[in-house]
Amino acid sequence: MTTYDYEKDGPAIYRQSFATIRAEADLAGLPADVSRVAVRMIHACGMVDLVRDLDYTPDVVARAREALRAGAPIFCDVQMVASGVTRKRLPAGNDVLCTLSDPSVPELAAKLGTTRSAAALELWRDRLEGSVVAVGNAPTALFRLLEMIEEGAPRPAAVIGVPVGFVGAAESKDALAAHPSGLEHIVVRGRRGGSALAAAALNAIASEEE
Ligand SMILES: C/C1=C2N=C(/C=C3N=C(/C(C)=C4\N[C@@](C)([C@@H]5N=C1[C@](C)(CCC(=O)O)[C@H]5CC(=O)O)[C@@](C)(CC(=O)O)[C@@H]4CCC(=O)O)[C@@](C)(CC(=O)O)[C@@H]\3CCC(=O)O)C(C)(C)[C@@H]/2CCC(=O)O
């Protein structure tokens with residue numbers, strides 16, 4: 001049997017990863033709190049050039065952290081994002097909610113003529129005010145959130161907007177960044193994104209430790 005020489009110490013793997021990211025990624029222009037979030041996002045996808053596409057409002061990390069400390073719920077577009085949130089990092093035992101699998105959603109989507117991901121946001125309204133929203137997959141969910149806010153829905157405290165893909169992903173993130181409501185946000189411009197990135201950003205925001 002071949003014996004491979006590889007690192008088996010979990011904390012050592014993390015230390016080495018973060019040191020590599022800090023050596024290779026150009027984090028110099030980022031505020032300290034956004035830089036920590038960027039490191040975690042790069043850690044989740046292995047792309048040190050992600051920083052190039054990162055866009056954010058300067059207070060997004062502070063506002064999201066404040067909301068979480070006050071007990072705000074976290075709304076996720078898909079279960080993959082919700083599953084990636086490390087519960088023990090959450091400062092107030094915050095609820096992590098994904099309404100995509102609610103039995104009412106398929107019918108709602110058919111009625112509204114949209115995806116299930118977008119229709120599922122109709123079930124967020126009651127607790128949307130001051131919440132933290134993490135969109136890692138579905139561009140239609142992010143577009144729908146912006147439409148709902150224009151229609152007068154309550155405002156979340158912050159939005160992690162990193163849907164991935166080729167249809168609507170870049171456009172939905174551009175729309176969030178340019179939205180007249182001035183929502184606090186962090187986005188990865190362009191096609192890149194994904195549930196793992198959304199969860200990593202959320203986990204970094206939730207606790208200050210690296
Ligand atoms: C168009 C959709 C896209 N999905 C992508 C990538 C991935 N999706 C996975 C999975 C398992 C799920 N995707 C759904 C959200 C499903 N995906 C869509 C929709 C058709 C529309 C969303 C939109 O355009 O905004 C969406 C269904 C819907 O009606 O909303 C999912 C609900 C489908 C399902 O299983 O029923 C499901 C979410 C499961 C959950 O709750 O966690 C993948 C794992 C793909 C796979 O199964 O192979 C993958 C995960 C990517 C990630 O990191 O999250 C895209 C690329 C985002 C794509 C949208 C853009 C495009 O260019 O096509």
# chains A, B, ... in the order shown; residues from 1 in each chain; ligands from 1

call {"tool": "residues_near_ligand", "arguments": {"ligand": "ligand 1", "cutoff": "7 Å", "atoms": "only C-alpha atoms and all ligand atoms", "output": "ChimeraX atom specification"}}
result
/A:78-81,100,115-118,136-141,163-169,193-196

call {"tool": "select_by_dssp", "arguments": {"residues": "chain A", "states": "strand (DSSP E or B)", "output": "VMD selection string"}}
result
chain A and resid 54 to 56 74 to 76 96 to 97 132 to 135 158 to 161 185 to 188

call {"tool": "residues_around", "arguments": {"residues": "Leu121 (chain A)", "least_positions_apart": "5", "cutoff": "12 Å", "atoms": "only C-alpha atoms", "output": "PyMOL selection string"}}
result
chain A and resi 75-78+97-102+104-105+108-109+112+114-116+126-128+133-135+138+140-149+153

call {"tool": "write_last_selection", "arguments": {"atoms": "N, CA and C atoms", "output": "short mmCIF file (atom, residue, chain, number, x, y, z; two decimals), in the first residue's frame"}}
result
data_model
loop_
_atom_site.label_atom_id
_atom_site.label_comp_id
_atom_site.auth_asym_id
_atom_site.auth_seq_id
_atom_site.Cartn_x
_atom_site.Cartn_y
_atom_site.Cartn_z
N PHE A 75 -31.96 34.43 6.91
CA PHE A 75 -32.74 33.83 5.83
C PHE A 75 -31.81 33.38 4.72
N CYS A 76 -31.96 32.11 4.28
CA CYS A 76 -31.11 31.54 3.24
C CYS A 76 -31.97 31.15 2.04
N ASP A 77 -31.45 31.37 0.83
CA ASP A 77 -32.26 31.01 -0.35
C ASP A 77 -32.39 29.51 -0.51
N VAL A 78 -31.34 28.75 -0.21
CA VAL A 78 -31.40 27.29 -0.38
C VAL A 78 -30.90 26.58 0.88
N LEU A 97 -33.08 30.07 8.64
CA LEU A 97 -34.33 29.68 7.99
C LEU A 97 -34.18 29.57 6.47
N CYS A 98 -34.73 28.48 5.92
CA CYS A 98 -34.83 28.34 4.47
C CYS A 98 -36.24 27.84 4.21
N THR A 99 -37.02 28.60 3.46
CA THR A 99 -38.43 28.27 3.28
C THR A 99 -38.71 27.54 1.95
N LEU A 100 -37.62 27.20 1.24
CA LEU A 100 -37.76 26.59 -0.08
C LEU A 100 -38.57 25.29 -0.07
N SER A 101 -38.46 24.54 1.03
CA SER A 101 -39.15 23.25 1.07
C SER A 101 -40.53 23.33 1.72
N ASP A 102 -40.97 24.53 2.00
CA ASP A 102 -42.32 24.65 2.58
C ASP A 102 -43.33 24.09 1.57
N SER A 104 -46.16 24.90 0.71
CA SER A 104 -46.95 25.88 -0.06
C SER A 104 -46.16 26.46 -1.24
N VAL A 105 -44.84 26.24 -1.27
CA VAL A 105 -44.00 26.97 -2.23
C VAL A 105 -44.22 26.57 -3.71
N LEU A 108 -47.32 28.27 -4.91
CA LEU A 108 -47.07 29.72 -4.93
C LEU A 108 -46.24 30.10 -6.16
N ALA A 109 -45.23 29.28 -6.45
CA ALA A 109 -44.36 29.56 -7.61
C ALA A 109 -45.17 29.49 -8.91
N LEU A 112 -47.41 32.57 -9.08
CA LEU A 112 -46.67 33.81 -9.34
C LEU A 112 -45.89 33.74 -10.66
N THR A 114 -43.02 32.06 -11.23
CA THR A 114 -41.60 32.25 -10.97
C THR A 114 -40.98 30.95 -10.44
N THR A 115 -39.72 31.01 -10.08
CA THR A 115 -39.05 29.82 -9.53
C THR A 115 -39.53 29.59 -8.10
N ARG A 116 -39.27 28.39 -7.60
CA ARG A 116 -39.58 28.11 -6.19
C ARG A 116 -38.69 28.95 -5.28
N ASP A 126 -42.73 38.32 7.42
CA ASP A 126 -43.01 38.61 8.83
C ASP A 126 -41.76 38.89 9.65
N ARG A 127 -40.64 38.27 9.27
CA ARG A 127 -39.42 38.40 10.09
C ARG A 127 -38.26 39.03 9.32
N LEU A 128 -38.56 39.64 8.19
CA LEU A 128 -37.51 40.19 7.33
C LEU A 128 -36.82 41.42 7.94
N VAL A 133 -29.75 38.29 5.36
CA VAL A 133 -30.14 37.45 4.23
C VAL A 133 -28.88 36.93 3.54
N ALA A 134 -28.86 35.62 3.24
CA ALA A 134 -27.73 35.03 2.53
C ALA A 134 -28.23 34.29 1.29
N VAL A 135 -27.90 34.83 0.13
CA VAL A 135 -28.30 34.21 -1.14
C VAL A 135 -27.04 33.65 -1.81
N ALA A 138 -29.58 31.19 -5.91
CA ALA A 138 -30.63 31.53 -6.86
C ALA A 138 -30.70 33.01 -7.19
N THR A 140 -32.84 34.44 -8.99
CA THR A 140 -34.24 34.91 -8.93
C THR A 140 -34.63 35.29 -7.50
N ALA A 141 -34.02 34.64 -6.50
CA ALA A 141 -34.33 34.98 -5.11
C ALA A 141 -33.82 36.38 -4.80
N LEU A 142 -32.61 36.69 -5.29
CA LEU A 142 -32.05 38.02 -5.02
C LEU A 142 -32.84 39.11 -5.75
N PHE A 143 -33.19 38.84 -7.01
CA PHE A 143 -34.03 39.82 -7.73
C PHE A 143 -35.35 40.03 -6.99
N ARG A 144 -35.97 38.94 -6.53
CA ARG A 144 -37.28 39.04 -5.87
C ARG A 144 -37.17 39.83 -4.57
N LEU A 145 -36.07 39.64 -3.84
CA LEU A 145 -35.87 40.40 -2.59
C LEU A 145 -35.88 41.91 -2.90
N LEU A 146 -35.18 42.30 -3.95
CA LEU A 146 -35.12 43.72 -4.30
C LEU A 146 -36.49 44.24 -4.71
N GLU A 147 -37.23 43.41 -5.46
CA GLU A 147 -38.58 43.82 -5.87
C GLU A 147 -39.48 43.99 -4.63
N MET A 148 -39.38 43.04 -3.71
CA MET A 148 -40.22 43.10 -2.51
C MET A 148 -39.93 44.37 -1.71
N ILE A 149 -38.68 44.74 -1.63
CA ILE A 149 -38.32 45.94 -0.86
C ILE A 149 -38.89 47.19 -1.56
N ALA A 153 -41.79 45.96 1.37
CA ALA A 153 -41.50 44.91 2.38
C ALA A 153 -40.46 45.44 3.37
#

call {"tool": "residues_around", "arguments": {"residues": "region 198-208 of chain A", "least_positions_apart": "2", "cutoff": "8 Å", "atoms": "only C-alpha atoms", "output": "PyMOL selection string"}}
result
chain A and resi 36-38+40-41+44+61+64-65+68+81-82+84-86+89-91+134-136+160-162+193-196+210

call {"tool": "closest_residue", "arguments": {"among": "A:Cys45, A:Val51, A:Ile186, A:Gly10", "to": "Ala28 (chain A)", "atoms": "only C-alpha atoms"}}
result
A:Val51

call {"tool": "atom_distance", "arguments": {"atom1": "CA of Glu184 (chain A)", "atom2": "CA of Val96 (chain A)"}}
result
19.3 Å

call {"tool": "residues_around", "arguments": {"residues": "Arg52 (chain A)", "least_positions_apart": "2", "cutoff": "12 Å", "atoms": "only C-alpha atoms", "output": "PyMOL selection string"}}
result
chain A and resi 25-30+38+42+47-50+54-56+187-190+192

call {"tool": "write_last_selection", "arguments": {"atoms": "all heavy atoms", "output": "short mmCIF file (atom, residue, chain, number, x, y, z; two decimals), in the first residue's frame"}}
result
data_model
loop_
_atom_site.label_atom_id
_atom_site.label_comp_id
_atom_site.auth_asym_id
_atom_site.auth_seq_id
_atom_site.Cartn_x
_atom_site.Cartn_y
_atom_site.Cartn_z
N ALA A 25 -3.32 36.54 -1.67
CA ALA A 25 -4.45 37.40 -2.06
C ALA A 25 -4.09 38.86 -1.79
O ALA A 25 -3.42 39.17 -0.80
CB ALA A 25 -5.69 37.00 -1.28
N ASP A 26 -4.58 39.72 -2.64
CA ASP A 26 -4.33 41.15 -2.45
C ASP A 26 -5.45 41.74 -1.59
O ASP A 26 -6.45 42.24 -2.09
CB ASP A 26 -4.27 41.84 -3.81
CG ASP A 26 -3.96 43.32 -3.66
OD1 ASP A 26 -3.64 43.76 -2.54
OD2 ASP A 26 -4.08 44.04 -4.67
N LEU A 27 -5.23 41.69 -0.28
CA LEU A 27 -6.27 42.12 0.67
C LEU A 27 -6.06 43.57 1.12
O LEU A 27 -6.84 44.10 1.91
CB LEU A 27 -6.24 41.20 1.90
CG LEU A 27 -6.47 39.71 1.63
CD1 LEU A 27 -6.00 38.87 2.81
CD2 LEU A 27 -7.95 39.44 1.34
N ALA A 28 -5.00 44.21 0.61
CA ALA A 28 -4.55 45.50 1.15
C ALA A 28 -5.63 46.58 1.14
O ALA A 28 -5.70 47.39 2.06
CB ALA A 28 -3.32 45.96 0.38
N GLY A 29 -6.47 46.59 0.11
CA GLY A 29 -7.44 47.68 0.01
C GLY A 29 -8.70 47.48 0.85
O GLY A 29 -9.59 48.34 0.85
N LEU A 30 -8.81 46.36 1.54
CA LEU A 30 -10.06 46.05 2.24
C LEU A 30 -10.03 46.51 3.70
O LEU A 30 -9.00 46.39 4.37
CB LEU A 30 -10.31 44.53 2.23
CG LEU A 30 -10.39 43.84 0.87
CD1 LEU A 30 -10.56 42.32 1.05
CD2 LEU A 30 -11.55 44.39 0.06
N ALA A 38 -13.39 38.11 3.53
CA ALA A 38 -12.83 37.72 2.22
C ALA A 38 -11.93 36.50 2.35
O ALA A 38 -11.98 35.58 1.52
CB ALA A 38 -12.05 38.90 1.63
N ILE A 42 -12.48 33.07 0.28
CA ILE A 42 -11.42 32.49 -0.56
C ILE A 42 -11.13 31.07 -0.09
O ILE A 42 -10.95 30.15 -0.89
CB ILE A 42 -10.15 33.37 -0.51
CG1 ILE A 42 -10.42 34.72 -1.18
CG2 ILE A 42 -8.96 32.66 -1.15
CD1 ILE A 42 -9.34 35.77 -0.92
N MET A 47 -10.00 30.37 -4.61
CA MET A 47 -9.63 31.35 -5.64
C MET A 47 -9.16 32.66 -4.99
O MET A 47 -9.98 33.44 -4.51
CB MET A 47 -10.83 31.61 -6.55
CG MET A 47 -11.18 30.42 -7.41
SD MET A 47 -12.61 30.70 -8.45
CE MET A 47 -13.89 29.90 -7.51
N VAL A 48 -7.86 32.87 -5.01
CA VAL A 48 -7.34 34.07 -4.32
C VAL A 48 -7.69 35.36 -5.06
O VAL A 48 -7.66 36.44 -4.47
CB VAL A 48 -5.81 33.99 -4.07
CG1 VAL A 48 -5.46 32.93 -3.04
CG2 VAL A 48 -5.04 33.78 -5.36
N ASP A 49 -8.02 35.23 -6.35
CA ASP A 49 -8.38 36.45 -7.10
C ASP A 49 -9.83 36.87 -6.88
O ASP A 49 -10.31 37.82 -7.50
CB ASP A 49 -8.11 36.26 -8.60
CG ASP A 49 -9.07 35.27 -9.23
OD1 ASP A 49 -9.61 34.40 -8.50
OD2 ASP A 49 -9.30 35.36 -10.45
N LEU A 50 -10.52 36.19 -5.96
CA LEU A 50 -11.92 36.55 -5.68
C LEU A 50 -12.04 38.00 -5.22
O LEU A 50 -13.04 38.67 -5.48
CB LEU A 50 -12.48 35.61 -4.60
CG LEU A 50 -13.99 35.56 -4.48
CD1 LEU A 50 -14.57 34.70 -5.61
CD2 LEU A 50 -14.43 34.98 -3.14
N LEU A 54 -14.98 41.37 -5.40
CA LEU A 54 -15.72 41.65 -4.17
C LEU A 54 -16.20 43.10 -4.16
O LEU A 54 -15.44 44.01 -4.48
CB LEU A 54 -14.78 41.42 -2.99
CG LEU A 54 -15.36 40.92 -1.68
CD1 LEU A 54 -16.07 39.59 -1.87
CD2 LEU A 54 -14.24 40.77 -0.66
N ASP A 55 -17.45 43.29 -3.81
CA ASP A 55 -17.98 44.65 -3.67
C ASP A 55 -18.81 44.68 -2.39
O ASP A 55 -19.47 43.68 -2.06
CB ASP A 55 -18.84 45.00 -4.89
CG ASP A 55 -18.92 46.50 -5.10
OD1 ASP A 55 -18.49 47.26 -4.21
OD2 ASP A 55 -19.43 46.91 -6.16
N TYR A 56 -18.80 45.79 -1.68
CA TYR A 56 -19.43 45.81 -0.36
C TYR A 56 -19.70 47.24 0.07
O TYR A 56 -19.07 48.18 -0.43
CB TYR A 56 -18.51 45.13 0.67
CG TYR A 56 -17.13 45.75 0.67
CD1 TYR A 56 -16.81 46.85 1.47
CD2 TYR A 56 -16.15 45.26 -0.20
CE1 TYR A 56 -15.56 47.44 1.41
CE2 TYR A 56 -14.90 45.84 -0.25
CZ TYR A 56 -14.61 46.93 0.55
OH TYR A 56 -13.38 47.53 0.47
N VAL A 187 -21.14 41.46 -2.09
CA VAL A 187 -21.40 40.65 -3.28
C VAL A 187 -20.08 40.22 -3.91
O VAL A 187 -19.04 40.84 -3.67
CB VAL A 187 -22.23 41.42 -4.35
CG1 VAL A 187 -23.56 41.90 -3.80
CG2 VAL A 187 -21.45 42.59 -4.94
N VAL A 188 -20.15 39.17 -4.71
CA VAL A 188 -19.04 38.81 -5.61
C VAL A 188 -19.57 39.07 -7.01
O VAL A 188 -20.48 38.39 -7.47
CB VAL A 188 -18.62 37.34 -5.45
CG1 VAL A 188 -17.57 36.97 -6.50
CG2 VAL A 188 -18.09 37.07 -4.05
N ARG A 189 -19.05 40.11 -7.65
CA ARG A 189 -19.54 40.47 -8.99
C ARG A 189 -19.26 39.34 -9.99
O ARG A 189 -18.28 38.60 -9.83
CB ARG A 189 -18.83 41.73 -9.48
CG ARG A 189 -19.07 42.95 -8.61
CD ARG A 189 -20.23 43.77 -9.10
NE ARG A 189 -20.26 45.07 -8.44
CZ ARG A 189 -21.17 46.00 -8.71
NH1 ARG A 189 -22.11 45.77 -9.62
NH2 ARG A 189 -21.14 47.15 -8.08
N GLY A 190 -20.10 39.26 -11.01
CA GLY A 190 -19.86 38.30 -12.08
C GLY A 190 -20.52 36.96 -11.81
O GLY A 190 -21.46 36.85 -11.03
N ARG A 192 -19.20 34.16 -10.55
CA ARG A 192 -18.76 33.34 -9.40
C ARG A 192 -19.64 33.58 -8.18
O ARG A 192 -20.15 34.68 -7.97
CB ARG A 192 -17.30 33.65 -9.07
CG ARG A 192 -16.37 33.17 -10.15
CD ARG A 192 -14.94 33.18 -9.70
NE ARG A 192 -14.39 34.54 -9.61
CZ ARG A 192 -13.12 34.78 -9.34
NH1 ARG A 192 -12.29 33.79 -9.10
NH2 ARG A 192 -12.68 36.04 -9.28
#

call {"tool": "closest_residue", "arguments": {"among": "A:Lys8, A:Lys173, A:Arg125, A:His43", "to": "Arg22 (chain A)", "atoms": "only C-alpha atoms"}}
result
A:His43

call {"tool": "decode", "arguments": {"residues": "region 20-74 of chain A", "atoms": "C-alpha atoms", "output": "compact mmCIF listing (two decimals), in the first residue's frame"}}
result
# COMPACT_ATOMS: atom_id res chain seq x y z
CA THR A 20 -1.31 30.97 2.06
CA ILE A 21 -4.38 33.11 1.39
CA ARG A 22 -2.86 36.07 3.23
CA ALA A 23 0.37 35.67 1.25
CA GLU A 24 -1.27 35.27 -2.15
CA ALA A 25 -4.45 37.40 -2.06
CA ASP A 26 -4.33 41.15 -2.45
CA LEU A 27 -6.27 42.12 0.67
CA ALA A 28 -4.55 45.50 1.15
CA GLY A 29 -7.44 47.68 0.01
CA LEU A 30 -10.06 46.05 2.24
CA PRO A 31 -11.25 47.24 5.66
CA ALA A 32 -10.07 44.82 8.40
CA ASP A 33 -13.50 43.27 9.02
CA VAL A 34 -14.24 42.78 5.30
CA SER A 35 -10.74 41.35 4.85
CA ARG A 36 -11.49 38.59 7.41
CA VAL A 37 -14.70 37.75 5.55
CA ALA A 38 -12.83 37.72 2.22
CA VAL A 39 -10.24 35.31 3.63
CA ARG A 40 -12.99 32.89 4.64
CA MET A 41 -14.70 33.19 1.25
CA ILE A 42 -11.42 32.49 -0.56
CA HIS A 43 -10.85 29.57 1.81
CA ALA A 44 -14.20 28.12 0.69
CA CYS A 45 -13.49 28.30 -3.05
CA GLY A 46 -9.70 28.27 -3.44
CA MET A 47 -9.63 31.35 -5.64
CA VAL A 48 -7.34 34.07 -4.32
CA ASP A 49 -8.38 36.45 -7.10
CA LEU A 50 -11.92 36.55 -5.68
CA VAL A 51 -11.00 39.86 -4.02
CA ARG A 52 -11.04 41.49 -7.46
CA ASP A 53 -14.80 40.86 -7.74
CA LEU A 54 -15.72 41.65 -4.17
CA ASP A 55 -17.98 44.65 -3.67
CA TYR A 56 -19.43 45.81 -0.36
CA THR A 57 -20.81 48.66 1.65
CA PRO A 58 -18.26 49.75 4.28
CA ASP A 59 -20.50 48.96 7.27
CA VAL A 60 -21.92 45.65 6.06
CA VAL A 61 -19.96 43.45 8.46
CA ALA A 62 -20.63 45.71 11.47
CA ARG A 63 -24.37 45.98 10.69
CA ALA A 64 -24.77 42.23 10.08
CA ARG A 65 -22.84 41.36 13.24
CA GLU A 66 -24.90 43.84 15.28
CA ALA A 67 -28.11 42.29 13.94
CA LEU A 68 -26.94 38.76 14.76
CA ARG A 69 -25.94 39.80 18.29
CA ALA A 70 -29.44 41.24 18.73
CA GLY A 71 -30.91 37.84 17.79
CA ALA A 72 -31.86 38.49 14.16
CA PRO A 73 -32.87 35.49 12.06
CA ILE A 74 -30.80 34.44 9.05
